[in-house]
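Data from data-v4.txt: compact mmCIF, C-alpha atoms and all ligand atoms
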# COMPACT_ATOMS: atom_id res chain seq x y z
CA MET A 258 0.30 -18.29 -13.27
CA LEU A 259 3.08 -16.50 -15.13
CA LEU A 260 3.83 -12.83 -14.56
CA THR A 261 5.18 -10.60 -17.30
CA ASN A 262 7.58 -7.66 -17.02
CA ILE A 263 5.49 -4.72 -18.23
CA LYS A 264 8.53 -2.98 -19.77
CA VAL A 265 10.26 -6.03 -21.18
CA PRO A 266 7.49 -8.53 -22.01
CA GLN A 267 9.94 -11.30 -22.98
CA GLU A 268 10.77 -11.57 -19.28
CA GLN A 269 8.24 -13.91 -17.70
CA VAL A 270 8.52 -15.30 -14.19
CA SER A 271 6.51 -17.40 -11.74
CA PHE A 272 4.85 -15.85 -8.69
CA LEU A 273 7.63 -16.90 -6.31
CA GLN A 274 10.31 -15.62 -8.69
CA ALA A 275 8.52 -12.28 -8.87
CA VAL A 276 8.30 -12.16 -5.08
CA ARG A 277 12.02 -12.87 -4.84
CA GLN A 278 13.06 -10.41 -7.53
CA GLY A 279 10.68 -7.54 -6.75
CA LEU A 280 11.49 -5.73 -9.99
CA GLY A 281 12.32 -7.11 -13.41
CA VAL A 282 15.00 -5.94 -15.85
CA GLU A 283 14.98 -2.22 -16.67
CA GLN A 284 13.09 -1.78 -13.38
CA GLY A 285 9.96 -3.16 -15.02
CA LEU A 286 7.04 -4.19 -12.83
CA PHE A 287 5.76 -7.76 -12.90
CA PHE A 288 2.07 -8.18 -13.66
CA PRO A 289 -0.29 -10.91 -14.89
CA THR A 290 -1.61 -10.65 -18.45
CA GLN A 291 -4.90 -12.36 -17.61
CA TRP A 292 -7.19 -12.67 -14.65
CA PRO A 293 -9.04 -15.61 -13.13
CA LYS A 294 -12.83 -15.39 -13.19
CA LEU A 295 -14.45 -16.62 -10.02
CA ASP A 296 -17.96 -17.41 -8.76
CA ILE A 297 -18.42 -14.05 -7.06
CA ASP A 298 -21.66 -14.81 -5.18
CA ALA A 299 -20.19 -17.97 -3.71
CA LEU A 300 -17.05 -16.08 -2.70
CA LEU A 301 -18.95 -13.24 -1.09
CA ALA A 302 -20.82 -15.75 1.10
CA MET A 303 -17.54 -17.10 2.57
CA PRO A 304 -15.74 -15.90 5.72
CA PHE A 305 -12.83 -13.47 5.21
CA VAL A 306 -9.83 -15.80 5.67
CA ALA A 307 -11.26 -18.72 3.65
CA ARG A 308 -12.40 -16.38 0.89
CA SER A 309 -9.04 -14.61 0.80
CA SER A 310 -7.26 -17.94 0.48
CA ALA A 311 -9.51 -18.87 -2.47
CA ILE A 312 -8.78 -15.53 -4.18
CA LEU A 313 -5.02 -15.87 -3.66
CA GLN A 314 -5.05 -19.48 -4.89
CA ALA A 315 -6.72 -18.28 -8.09
CA LEU A 316 -4.19 -15.46 -8.52
CA ILE A 317 -1.08 -17.48 -7.65
CA GLY A 318 -1.99 -20.75 -9.35
CA ASP A 319 -0.45 -24.12 -8.50
CA GLU A 320 3.08 -23.00 -7.63
CA LEU A 321 1.96 -23.16 -3.99
CA SER A 322 -0.45 -25.75 -2.61
CA ALA A 323 -3.90 -24.76 -1.34
CA ALA A 324 -2.81 -25.85 2.13
CA ASP A 325 0.28 -23.61 1.95
CA ILE A 326 -1.78 -20.61 0.89
CA ASP A 327 -4.36 -21.32 3.59
CA ALA A 328 -1.59 -21.31 6.19
CA MET A 329 0.00 -18.11 4.85
CA VAL A 330 -3.32 -16.26 4.85
CA SER A 331 -4.21 -17.45 8.36
CA GLN A 332 -0.84 -16.18 9.61
CA ALA A 333 -1.07 -12.86 7.79
CA PHE A 334 -4.73 -11.84 8.10
CA THR A 335 -5.22 -12.00 11.85
CA PHE A 336 -7.42 -8.91 12.09
CA ALA A 337 -10.71 -7.76 10.57
CA ALA A 338 -11.59 -5.18 7.89
CA PRO A 339 -14.98 -3.91 9.04
CA LEU A 340 -17.20 -1.57 7.08
CA ALA A 341 -18.22 1.28 9.41
CA SER A 342 -21.37 3.18 8.47
CA VAL A 343 -20.80 6.93 8.31
CA ALA A 344 -24.00 8.16 6.64
CA ASP A 345 -26.83 6.73 4.57
CA ASP A 346 -25.12 4.87 1.76
CA ILE A 347 -21.59 5.92 2.78
CA SER A 348 -19.23 3.71 4.75
CA CYS A 349 -15.57 3.55 5.64
CA LEU A 350 -13.70 0.30 5.08
CA GLU A 351 -11.47 0.28 8.15
CA LEU A 352 -8.13 -1.24 7.19
CA PHE A 353 -6.27 -0.14 10.30
CA HIS A 354 -6.90 -2.92 12.83
CA GLY A 355 -3.55 -4.66 12.30
CA PRO A 356 -0.39 -4.39 14.45
CA THR A 357 0.82 -1.11 12.92
CA LEU A 358 -2.65 0.40 12.60
CA ALA A 359 -2.55 0.91 8.83
CA PHE A 360 -3.71 -0.95 5.73
CA LYS A 361 -0.13 -1.78 4.80
CA ASP A 362 -0.22 -4.55 7.42
CA PHE A 363 -2.28 -6.66 4.98
CA GLY A 364 0.27 -6.46 2.18
CA GLY A 365 3.34 -6.46 4.42
CA ARG A 366 2.35 -9.50 6.43
CA PHE A 367 1.34 -11.57 3.42
CA MET A 368 4.53 -10.58 1.63
CA ALA A 369 6.62 -11.74 4.61
CA GLN A 370 4.90 -15.14 4.30
CA ALA A 371 5.42 -15.25 0.53
CA LEU A 372 9.05 -14.26 0.79
CA ALA A 373 9.73 -16.93 3.40
CA LYS A 374 8.40 -19.46 0.86
CA ALA A 375 10.34 -17.88 -2.03
CA GLN A 376 13.70 -17.66 -0.25
CA GLY A 377 13.77 -20.97 1.53
CA GLU A 378 16.94 -21.02 3.63
CA LYS A 379 18.73 -18.25 1.72
CA LYS A 380 19.81 -15.04 3.50
CA THR A 381 17.86 -11.93 2.50
CA THR A 382 18.28 -8.18 2.91
CA ILE A 383 15.09 -6.20 2.44
CA VAL A 384 15.71 -2.62 1.29
CA THR A 385 12.67 -0.40 1.12
CA ALA A 386 11.66 3.25 1.08
CA THR A 387 8.70 4.46 3.06
CA SER A 388 6.64 7.63 3.02
CA GLY A 389 5.18 6.56 6.33
CA ASP A 390 3.35 3.33 6.85
CA THR A 391 5.11 0.81 4.61
CA GLY A 392 8.14 0.99 6.86
CA ALA A 393 6.22 0.10 9.97
CA ALA A 394 4.28 -2.68 8.28
CA VAL A 395 7.41 -4.22 6.75
CA ALA A 396 9.44 -3.85 9.94
CA HIS A 397 6.77 -5.57 12.04
CA ALA A 398 6.08 -8.27 9.45
CA PHE A 399 9.79 -9.28 9.33
CA TYR A 400 10.85 -8.41 12.89
CA ARG A 401 13.10 -11.21 14.20
CA GLN A 402 12.41 -13.39 11.14
CA ARG A 403 15.46 -15.69 10.79
CA GLY A 404 17.87 -14.97 7.92
CA VAL A 405 16.28 -11.60 7.08
CA GLN A 406 17.85 -8.13 7.49
CA VAL A 407 15.55 -5.16 6.91
CA VAL A 408 16.81 -1.69 5.88
CA ILE A 409 14.22 1.08 5.74
CA LEU A 410 14.79 4.52 4.20
CA PHE A 411 12.48 7.38 5.14
CA PRO A 412 12.53 11.13 4.47
CA LYS A 413 13.94 12.79 7.60
CA GLY A 414 11.41 14.99 9.40
CA LYS A 415 8.71 14.39 6.80
CA ILE A 416 6.68 11.70 8.51
CA SER A 417 4.77 11.99 11.76
CA PRO A 418 6.82 11.41 14.94
CA LEU A 419 4.49 8.62 16.00
CA GLN A 420 4.64 6.99 12.59
CA GLU A 421 8.42 7.11 12.87
CA LYS A 422 8.47 5.57 16.35
CA LEU A 423 6.48 2.59 15.11
CA PHE A 424 9.41 1.27 13.11
CA THR A 425 12.57 3.05 14.31
CA THR A 426 12.38 1.67 17.86
CA LEU A 427 12.47 -2.06 17.07
CA GLY A 428 16.21 -2.62 16.51
CA ASP A 429 17.45 -6.22 16.17
CA ASN A 430 17.25 -7.11 12.42
CA ILE A 431 15.57 -3.77 11.58
CA THR A 432 17.87 -0.89 10.47
CA THR A 433 16.25 2.49 9.81
CA LEU A 434 17.87 5.35 7.87
CA ALA A 435 16.61 8.96 8.06
CA VAL A 436 17.45 10.33 4.62
CA ASP A 437 18.19 14.00 4.09
CA GLY A 438 15.65 14.38 1.25
CA ASP A 439 12.05 13.66 0.27
CA PHE A 440 10.29 10.36 -0.41
CA ASP A 441 10.94 10.42 -4.14
CA GLN A 442 14.67 10.68 -3.39
CA CYS A 443 14.41 7.71 -1.02
CA GLN A 444 12.64 5.75 -3.73
CA ALA A 445 15.32 6.72 -6.28
CA LEU A 446 18.07 5.49 -3.91
CA VAL A 447 16.34 2.14 -3.55
CA LYS A 448 16.12 1.86 -7.33
CA GLN A 449 19.87 2.53 -7.58
CA VAL A 450 20.52 -0.30 -5.14
CA PHE A 451 18.56 -2.66 -7.37
CA ASP A 452 20.54 -1.52 -10.41
CA ASP A 453 23.79 -2.53 -8.69
CA LYS A 454 23.56 -6.21 -9.64
CA PRO A 455 26.75 -7.35 -7.84
CA LEU A 456 25.48 -5.74 -4.64
CA VAL A 457 22.02 -7.29 -5.07
CA GLN A 458 23.66 -10.68 -5.57
CA GLN A 459 26.09 -10.33 -2.66
CA LEU A 460 23.50 -9.28 -0.07
CA GLY A 461 20.48 -11.16 -1.45
CA ILE A 462 18.66 -7.85 -1.74
CA ASN A 463 14.90 -7.76 -2.06
CA SER A 464 12.41 -4.94 -2.09
CA ALA A 465 9.32 -4.80 0.06
CA ASN A 466 7.46 -1.70 -1.01
CA SER A 467 4.22 -1.61 -2.89
CA ILE A 468 5.86 -2.80 -6.11
CA ASN A 469 6.14 -6.39 -4.81
CA ILE A 470 3.34 -8.31 -6.47
CA SER A 471 2.53 -10.31 -3.31
CA ARG A 472 1.46 -7.12 -1.52
CA LEU A 473 -0.90 -6.21 -4.31
CA PHE A 474 -2.48 -9.66 -4.46
CA ALA A 475 -3.06 -9.59 -0.69
CA GLN A 476 -4.78 -6.22 -0.97
CA VAL A 477 -7.25 -7.53 -3.55
CA CYS A 478 -8.82 -9.58 -0.74
CA TYR A 479 -10.17 -6.69 1.31
CA TYR A 480 -12.07 -5.26 -1.64
CA PHE A 481 -14.06 -8.50 -1.68
CA GLU A 482 -14.49 -8.15 2.09
CA ALA A 483 -15.85 -4.63 1.55
CA VAL A 484 -18.45 -5.64 -1.01
CA ALA A 485 -19.42 -8.70 1.07
CA GLN A 486 -20.54 -6.30 3.82
CA VAL A 487 -22.65 -4.11 1.52
CA PRO A 488 -26.41 -4.89 1.67
CA ALA A 489 -27.23 -7.23 -1.25
CA ALA A 490 -29.67 -4.72 -2.79
CA LYS A 491 -26.84 -2.17 -3.14
CA ARG A 492 -24.11 -4.46 -4.43
CA GLN A 493 -24.34 -3.38 -8.06
CA GLN A 494 -24.02 0.29 -7.08
CA VAL A 495 -20.71 0.30 -5.23
CA VAL A 496 -18.27 3.18 -5.79
CA ILE A 497 -14.95 2.97 -3.92
CA ALA A 498 -12.67 5.93 -3.21
CA VAL A 499 -9.02 5.18 -2.50
CA PRO A 500 -6.60 7.66 -0.89
CA SER A 501 -3.66 7.23 -3.25
CA GLY A 502 0.09 7.80 -3.16
CA ASN A 503 1.95 5.09 -5.03
CA PHE A 504 -1.36 3.72 -6.36
CA GLY A 505 -0.82 0.15 -5.15
CA ASN A 506 -4.09 0.22 -3.27
CA LEU A 507 -6.01 1.51 -6.28
CA THR A 508 -4.38 -1.11 -8.51
CA ALA A 509 -5.53 -3.86 -6.13
CA GLY A 510 -9.10 -2.57 -6.34
CA LEU A 511 -8.93 -2.57 -10.13
CA ILE A 512 -7.65 -6.17 -10.05
CA ALA A 513 -10.65 -7.13 -7.90
CA LYS A 514 -12.90 -5.48 -10.48
CA ALA A 515 -11.09 -7.26 -13.33
CA MET A 516 -11.79 -10.54 -11.50
CA GLY A 517 -15.51 -9.79 -11.59
CA LEU A 518 -16.12 -8.11 -8.23
CA PRO A 519 -19.01 -5.68 -8.77
CA ILE A 520 -17.38 -2.27 -8.38
CA LYS A 521 -19.13 0.33 -10.49
CA ARG A 522 -16.35 2.88 -10.31
CA MET A 523 -13.07 3.51 -8.53
CA VAL A 524 -12.22 7.03 -7.41
CA ALA A 525 -8.48 7.70 -7.27
CA ALA A 526 -8.19 10.40 -4.61
CA THR A 527 -4.95 12.34 -4.27
CA ASN A 528 -3.84 15.27 -2.16
CA SER A 529 -2.10 18.27 -3.80
CA ASN A 530 0.43 15.87 -5.31
CA ASP A 531 -1.95 15.51 -8.22
CA THR A 532 0.09 14.04 -11.07
CA VAL A 533 -2.62 11.48 -11.80
CA PRO A 534 -5.70 13.78 -11.74
CA ARG A 535 -3.87 16.22 -14.05
CA TYR A 536 -2.81 13.38 -16.32
CA TRP A 537 -6.36 12.00 -16.39
CA ARG A 538 -7.66 15.37 -17.58
CA SER A 539 -4.92 16.39 -20.00
CA GLY A 540 -3.21 13.18 -21.11
CA ASP A 541 0.14 14.69 -20.10
CA TRP A 542 2.27 12.88 -17.54
CA GLN A 543 3.96 15.82 -15.79
CA PRO A 544 5.11 15.06 -12.23
CA LYS A 545 5.99 18.20 -10.25
CA ALA A 546 8.19 18.41 -7.17
CA THR A 547 6.61 16.66 -4.19
CA VAL A 548 4.82 18.96 -1.76
CA ALA A 549 4.29 18.18 1.93
CA THR A 550 0.64 17.74 2.96
CA LEU A 551 -1.46 16.63 5.93
CA SER A 552 -1.86 13.23 4.28
CA ASN A 553 1.89 12.67 4.13
CA ALA A 554 1.82 8.97 3.22
CA MET A 555 0.36 10.14 -0.09
CA ASP A 556 3.03 12.75 -0.81
CA VAL A 557 4.21 11.04 -3.97
CA ALA A 558 4.68 12.88 -7.26
CA ALA A 559 5.76 9.92 -9.39
CA PRO A 560 3.55 6.98 -8.31
CA ASN A 561 5.44 3.79 -9.01
CA ASN A 562 2.42 1.52 -9.54
CA TRP A 563 0.93 3.63 -12.31
CA PRO A 564 2.28 1.41 -15.15
CA ARG A 565 0.13 -1.40 -13.75
CA VAL A 566 -2.99 0.75 -14.02
CA GLU A 567 -2.03 1.48 -17.64
CA ALA A 568 -1.53 -2.25 -18.19
CA LEU A 569 -5.08 -3.01 -16.97
CA LEU A 570 -6.43 -0.38 -19.35
CA ALA A 571 -4.35 -1.77 -22.22
CA GLN A 572 -5.58 -5.31 -21.46
CA GLY A 573 -9.11 -3.99 -21.87
CA VAL A 574 -10.24 -5.43 -18.52
CA ILE A 575 -10.72 -1.94 -17.04
CA LYS A 576 -12.45 0.80 -18.99
CA ARG A 577 -11.24 4.35 -18.72
CA ASP A 578 -14.56 5.60 -17.34
CA ALA A 579 -14.36 3.08 -14.49
CA ILE A 580 -11.72 5.35 -12.95
CA GLU A 581 -12.25 8.88 -11.76
CA ALA A 582 -9.27 10.90 -10.53
CA VAL A 583 -9.92 13.62 -7.98
CA MET A 584 -7.52 16.01 -6.23
CA VAL A 585 -8.43 17.18 -2.73
CA ASP A 586 -6.45 20.17 -1.44
CA GLU A 587 -5.42 20.92 2.13
CA ASP A 588 -8.45 23.06 3.01
CA ASP A 589 -10.81 20.41 1.76
CA THR A 590 -8.90 17.72 3.67
CA VAL A 591 -9.37 19.67 6.90
CA LEU A 592 -13.03 20.12 6.05
CA GLY A 593 -13.35 16.38 5.44
CA VAL A 594 -11.99 15.48 8.88
CA ARG A 595 -14.36 18.02 10.48
CA GLN A 596 -17.42 16.89 8.51
CA LEU A 597 -16.77 13.25 9.33
CA TYR A 598 -16.44 14.17 13.01
CA GLN A 599 -19.78 15.97 12.84
CA LEU A 600 -21.26 12.77 11.44
CA GLY A 601 -19.95 11.02 14.56
CA TYR A 602 -16.93 9.45 12.84
CA LEU A 603 -13.38 10.12 14.02
CA SER A 604 -11.04 9.97 11.04
CA GLU A 605 -7.66 11.28 9.82
CA PRO A 606 -6.37 13.19 6.78
CA HIS A 607 -5.78 10.25 4.37
CA ALA A 608 -9.29 8.86 4.76
CA ALA A 609 -10.65 12.42 4.65
CA VAL A 610 -9.09 12.95 1.21
CA ALA A 611 -10.91 9.83 0.00
CA TYR A 612 -14.15 10.89 1.67
CA LYS A 613 -14.14 14.31 0.01
CA ALA A 614 -13.32 12.79 -3.38
CA LEU A 615 -16.11 10.26 -2.92
CA LYS A 616 -18.61 13.00 -2.05
CA ARG A 617 -17.72 14.81 -5.27
CA SER A 618 -18.14 11.66 -7.35
CA LEU A 619 -21.14 9.91 -5.80
CA GLN A 620 -24.45 10.00 -7.69
CA SER A 621 -27.84 9.35 -6.15
CA GLY A 622 -28.68 5.65 -5.86
CA GLU A 623 -25.00 4.70 -5.53
CA TYR A 624 -23.35 3.21 -2.46
CA GLY A 625 -20.05 4.87 -1.54
CA ILE A 626 -17.12 3.33 0.30
CA PHE A 627 -13.96 5.23 1.20
CA LEU A 628 -10.91 3.42 2.50
CA GLY A 629 -9.74 4.16 6.03
CA THR A 630 -6.04 3.51 5.51
CA ALA A 631 -4.74 4.50 8.95
CA HIS A 632 -5.97 4.69 12.53
CA PRO A 633 -6.72 8.33 13.51
CA ALA A 634 -4.29 8.07 16.43
CA LYS A 635 -1.42 7.54 13.99
CA PHE A 636 -1.94 11.14 12.94
CA LYS A 637 -2.68 12.40 16.41
CA GLU A 638 -1.10 15.86 16.03
CA GLN A 639 -2.86 16.66 12.76
CA VAL A 640 -6.22 15.35 13.93
CA GLU A 641 -6.02 17.20 17.26
CA ASN A 642 -5.07 20.41 15.48
CA ILE A 643 -7.96 20.09 13.05
CA LEU A 644 -10.60 19.14 15.60
CA GLY A 645 -9.27 21.05 18.59
CA THR A 646 -9.89 18.07 20.81
CA PRO A 647 -7.52 15.50 22.32
CA ILE A 648 -7.65 11.94 21.02
CA ALA A 649 -6.47 8.83 22.82
CA LEU A 650 -3.61 6.57 21.73
CA PRO A 651 -4.27 2.85 21.38
CA GLU A 652 -2.05 0.83 23.69
CA ALA A 653 0.40 -0.45 21.02
CA LEU A 654 1.12 3.08 19.92
CA ALA A 655 1.44 4.52 23.44
CA ARG A 656 4.05 1.87 24.23
CA CYS A 657 6.42 2.60 21.32
CA ALA A 658 5.90 6.38 21.53
CA ALA A 659 7.76 6.21 24.84
CA GLU A 660 10.76 4.41 23.36
CA GLN A 661 14.01 5.71 21.85
CA SER A 662 14.37 6.00 18.07
CA LEU A 663 17.34 3.95 16.81
CA SER A 664 17.49 5.44 13.31
CA LYS A 665 20.73 6.69 11.71
CA GLU A 666 20.96 9.74 9.47
CA LEU A 667 21.96 9.32 5.82
CA PRO A 668 22.69 11.90 3.11
CA ALA A 669 20.67 11.32 -0.09
CA SER A 670 23.66 9.62 -1.73
CA PHE A 671 23.95 6.15 -3.18
CA THR A 672 27.60 5.84 -2.09
CA ALA A 673 26.62 6.46 1.53
CA LEU A 674 23.76 3.97 1.32
CA LYS A 675 25.96 1.29 -0.24
CA GLN A 676 28.49 1.81 2.56
CA GLN A 677 25.74 1.23 5.13
CA LEU A 678 24.53 -1.93 3.43
CA LEU A 679 28.04 -3.36 3.28
CA THR A 680 28.66 -2.54 6.94
CA LEU A 681 25.49 -4.38 7.80
CA GLU A 682 26.65 -7.48 5.99
CA GLN A 683 29.88 -7.53 7.99
CA ALA A 684 28.06 -7.22 11.29
C1 LIG A 701 0.61 4.26 1.88
C2 LIG A 701 -0.60 4.98 2.30
C3 LIG A 701 -1.52 5.47 1.37
C4 LIG A 701 -1.28 5.37 -0.12
O1 LIG A 701 -1.41 4.07 -0.61
P1 LIG A 701 -0.80 3.67 -2.05
O2 LIG A 701 -1.06 2.22 -2.20
O3 LIG A 701 0.66 4.00 -2.00
O4 LIG A 701 -1.52 4.51 -3.05
C5 LIG A 701 -2.68 6.06 1.84
N1 LIG A 701 -2.91 6.21 3.16
C6 LIG A 701 -2.04 5.77 4.09
C7 LIG A 701 -2.34 5.98 5.52
C8 LIG A 701 -0.86 5.14 3.69
O5 LIG A 701 0.00 4.72 4.60
Starting from the file, lay out its structure as C-alpha cells.
Amino acid sequence: MLLTNIKVPQEQVSFLQAVRQGLGVEQGLFFPTQWPKLDIDALLAMPFVARSSAILQALIGDELSAADIDAMVSQAFTFAAPLASVADDISCLELFHGPTLAFKDFGGRFMAQALAKAQGEKKTTIVTATSGDTGAAVAHAFYRQRGVQVVILFPKGKISPLQEKLFTTLGDNITTLAVDGDFDQCQALVKQVFDDKPLVQQLGINSANSINISRLFAQVCYYFEAVAQVPAAKRQQVVIAVPSGNFGNLTAGLIAKAMGLPIKRMVAATNSNDTVPRYWRSGDWQPKATVATLSNAMDVAAPNNWPRVEALLAQGVIKRDAIEAVMVDEDDTVLGVRQLYQLGYLSEPHAAVAYKALKRSLQSGEYGIFLGTAHPAKFKEQVENILGTPIALPEALARCAAEQSLSKELPASFTALKQQLLTLEQA
C-alpha cells in the first residue's frame, strides 16, 4: 500500500520507504489515503499475535510476505495486553507488560523489526526525542542490534529518575543526551537534524519517535485486542479514552475505527497542556508554552501527530463527533489516582488522566475503556506521594535503578548536537 506525504501529496512512498525515511519533504508525515476493510468478527475471534499479523498484513500490503510479517509480530509482541476490570462497565487496557513497562514497547519493538527489514545491511543512526517512555522503548528495542547507533534526546530533569534510568544505563550502541530545555525543544532539535540532508545522508539518520508509521500501525493492533476482550453484548457501546501527548496513540485508535473496529467514540484526554481540547472547542490552533505536570510523558504543547488526525477527518472516515477532547488538570489527576485506588486498582497519573476524562464522557449503557500506558512503578514517586503508601518496584526496574546513568549533557543547540553526532560516527 502506498503512503502519501500529508503536506506534499505528490510524494508517495512504500511502507518500507516510509519506515526508512521517517518524515517526508517539508517534514510532512506519511499516511495512507485509504484503509483496508476486514472481517471484524473473524478477527476478534483470533488470538492476539495471529490477529495482529493479519491486521498488519492488511495495512502494509504485499511489500512484505505474510511469513515475514508473522515473524516480525511474533518477535515484537511477546507480552499481553489484558483488559483489567475496574468497575461495572469500566476497564483499563494494560499496555505496560513489556520490557520497559510502557505501551511504547509495542510500537518500538515492531519498528525495530520493520527498520531491520527496511535497512538491510546499511548502517543506521536513530535520532529521537523522548518525553519519557519512547526513549526507553526505542533503546531496548534496538539495544545491541548490529549496524544501528541510537541517540536519544531528553529534557534534563523533566522526566522521572526511574524513567531516565531505564534508558540511560544501557550504554553500548545507545547514546543518551540530557538537553538543557523542554521536550518541544528536543523535538525541534531532532527536526533540524532531519533538515540537514548531507548529515542525514552521511550518518544514515532515521527517526524513531511516534511519527514513524510502523509504530502507529503496530499500535492499531491492541485496540482490536481491547474490543476482543469486551463482552459481546457490549461491543457496540465501546468508548475508549486515551491519555495523549503527541497523539500517536489516539491516531492508532482512530485507524482501528476507520478499519471497521466498533469504537463508538474516542476520548482524547490531555493534562494541562491542552492545545487540542482548546482547539476542539474554538477552532483555533494556539499552542502555549509547555507546562510540567504529573503526567510528564504527555507534556507536549505541539503534538506532532495531529496532522494525521486532521487527515482522517478530511478523508471522511472519522466523523468529528467520534472524537471528544477533554482536559484534566493536576487536582483532578490526583483525584483520579486516589479514586482508582479506592476501587482496588493501583494506577499512575497518565492512566488517571484518561480515567477522569472517560468518567466525564461516559453515558449510561456505554462500556468505557481507558488506556493504562505505563506501569504504576514507573511513576513511583508521584504515586507514593498521591497515595501516601509505598509501592513495590518490579524486578526489571529495581535492577536498572541501581545502575549508573551514562547520559551526557547537551545545550539546546543544533551545532552542539551535530558535533555529538559526528563524534559518534568517528568512534
Ligand atoms: C508517550 C506516553 C503517552 C502519550 O502518548 P502519545 O502517543 O504521545 O499521545 C501517554 N502515557 C505515557 C505513559 C506515555 O509514555
Per residue of stretch 387-410 of chain A within 12 Å of stretch 629-645 of chain A, note the shortest atom pair and the distance in Å to one decimal, counting all atoms listed in the file, and order the rows by chain and increasing residue number, as JSON lines.
{"residue": "A:Gly389", "atom": "CA", "partner": "A:Lys635", "partner_atom": "CA", "distance": 10.2}
{"residue": "A:Asp390", "atom": "CA", "partner": "A:Ala631", "partner_atom": "CA", "distance": 8.4}
{"residue": "A:Thr391", "atom": "CA", "partner": "A:Ala631", "partner_atom": "CA", "distance": 11.4}
{"residue": "A:Ala393", "atom": "CA", "partner": "A:Lys635", "partner_atom": "CA", "distance": 11.4}
{"residue": "A:Ala394", "atom": "CA", "partner": "A:Ala631", "partner_atom": "CA", "distance": 11.5}
**Request:** Tell me which protein, DNA and RNA residues are within 9 Å of A:Val524, counting only C-alpha atoms, leaving out same-chain ones fewer than 2 positions away, and put them as a PyMOL selection string.
**Result:** chain A and resi 496-500+507+522+526+579-583+611+614-615+618+627
Closest atom pairs, stretch 359-469 of chain A residues within 9 Å of stretch 660-676 of chain A, all atoms listed in the file, as CSV:
residue,atom,partner,partner_atom,distance
A:Leu410,CA,A:Leu667,CA,8.8
A:Lys413,CA,A:Glu666,CA,7.9
A:Glu421,CA,A:Ser662,CA,8.0
A:Lys422,CA,A:Ser662,CA,6.2
A:Phe424,CA,A:Ser662,CA,8.5
A:Thr425,CA,A:Ser662,CA,5.1
A:Thr426,CA,A:Ser662,CA,4.8
A:Leu427,CA,A:Leu663,CA,7.7
A:Gly428,CA,A:Leu663,CA,6.7
A:Thr432,CA,A:Ser664,CA,6.9
A:Thr433,CA,A:Ser664,CA,4.7
A:Leu434,CA,A:Lys665,CA,5.0
A:Ala435,CA,A:Glu666,CA,4.6
A:Val436,CA,A:Leu667,CA,4.8
A:Asp437,CA,A:Pro668,CA,5.1
A:Gly438,CA,A:Ala669,CA,6.0
A:Asp439,CA,A:Ala669,CA,8.9
A:Gln442,CA,A:Ala669,CA,6.9
A:Cys443,CA,A:Ala669,CA,7.3
A:Leu446,CA,A:Phe671,CA,6.0
A:Val447,CA,A:Phe671,CA,8.6
A:Gln449,CA,A:Phe671,CA,7.0
A:Val450,CA,A:Lys675,CA,7.5
A:Leu456,CA,A:Lys675,CA,8.3
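Distance annotation: of A:Leu650, A:Val557, A:Ala338, A:Leu321, the residue with the minimal separation from A:Val484 is A:Ala338; atom set is all atoms listed in the file.
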**Request:** Excluding A:Ala386 and residues on its chain fewer than 5 positions from it, collect all residues at most 9 Å away from it, counting all atoms listed in the file, and give them as JSON, numbers by chain.
**Result:** {"A": [391, 392, 408, 409, 410, 411, 412, 440, 441, 443, 444, 445, 446, 447, 464, 465, 466]}
**Request:** Would you work out the distance separating atom CA of A:Ala337 from atom CA of A:Ala323, expressed in Å to one decimal?
**Result:** 21.8 Å
**Asked** So which one's closest to ligand LIG 701 (chain A), A:Ala302, A:Ala655, A:Leu592, A:Val395? Using all atoms listed in the file, please.
**Response**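 Going through A:Ala302, A:Ala655, A:Leu592, A:Val395 one by one, the smallest distance to ligand LIG 701 (chain A) is for A:Val395.
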**Request:** Please tell me which residues are no farther than 12 Å from (-10.7, 2.6, 4.9) in the file, counting all atoms listed in the file, and write them as a PyMOL selection string.
**Result:** chain A and resi 337-343+347-354+358-361+479-480+482-483+497-501+506+604-612+625-633
Taking every listed atom of ligand LIG 701 (chain A) and adding 4 Å to each side, what centre and edge lengths in Å (one decimal) does the axis-aligned box have, as JSON?
{"center_x": -1.1, "center_y": 4.2, "center_z": 1.2, "size_x": 11.6, "size_y": 12.0, "size_z": 16.6}
**Message:** When you look at A:Gly365 with a cut-off of 12 Å (counting all atoms listed in the file), what residues show up, excluding the ones that are within fewer than 6 positions of it in the same chain? I need them as number ranges by chain.
**Reply:** A: 330, 332-334, 355-357, 359, 371-372, 383, 385, 390-400, 464-476
**Asked** Looking at only C-alpha atoms, which of A:Ala328, A:Leu551, A:Leu313, A:Met516 is the one that sits closest to A:Thr590?
**Response** A:Leu551
**Item:** Atomic separation - atom CA of A:Arg617 relative to atom CA of A:Asn561, Å
**Value:**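 Interatomic distance, atom CA of A:Asn561 to atom CA of A:Arg617: 25.9 Å.
Using all atoms listed in the file, the smallest distance between any of A:Ala546, A:Val533, A:Ala571, A:Leu678 and ligand LIG 701 (chain A) comes from A:Val533.
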**Item:** Among the residues A:Lys448, A:Val591, A:Val306, A:Ser552, the one that comes closest to A:Val282 [using all atoms listed in the file]
**Value:** A:Lys448
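Comparing A:Ala275, A:Cys478, A:Met303, A:Leu280 by their smallest distance to A:Ala315, the closest is A:Cys478 (using all atoms listed in the file).
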**Request:** List the neighbours of stretch 511-515 of chain A out to 8 Å using all atoms listed in the file; skip same-chain residues closer than 5 positions along the sequence, and give me the result as a count of residues only.
**Result:** 11
**Request:** Could you give me, as JSON, numbers by chain, the residues within 10 Å of A:Val457, counting only C-alpha atoms and dropping anything in the same chain fewer than 5 positions from it?
**Result:** {"A": [278, 381, 382, 450, 451, 452, 462, 463]}
**Request:** May I have the residues at most 12 Å from (4.9, -17.9, -9.8) in the file's coordinates, counting only C-alpha atoms, as a PyMOL selection string?
**Result:** chain A and resi 258-261+269-278+287-289+313-322+371-372+374-375+470-471
**Prompt:** Hey, can you check how far atom CA of A:Asp346 sits from atom CA of A:Tyr624?
**Reply:** 4.9 Å
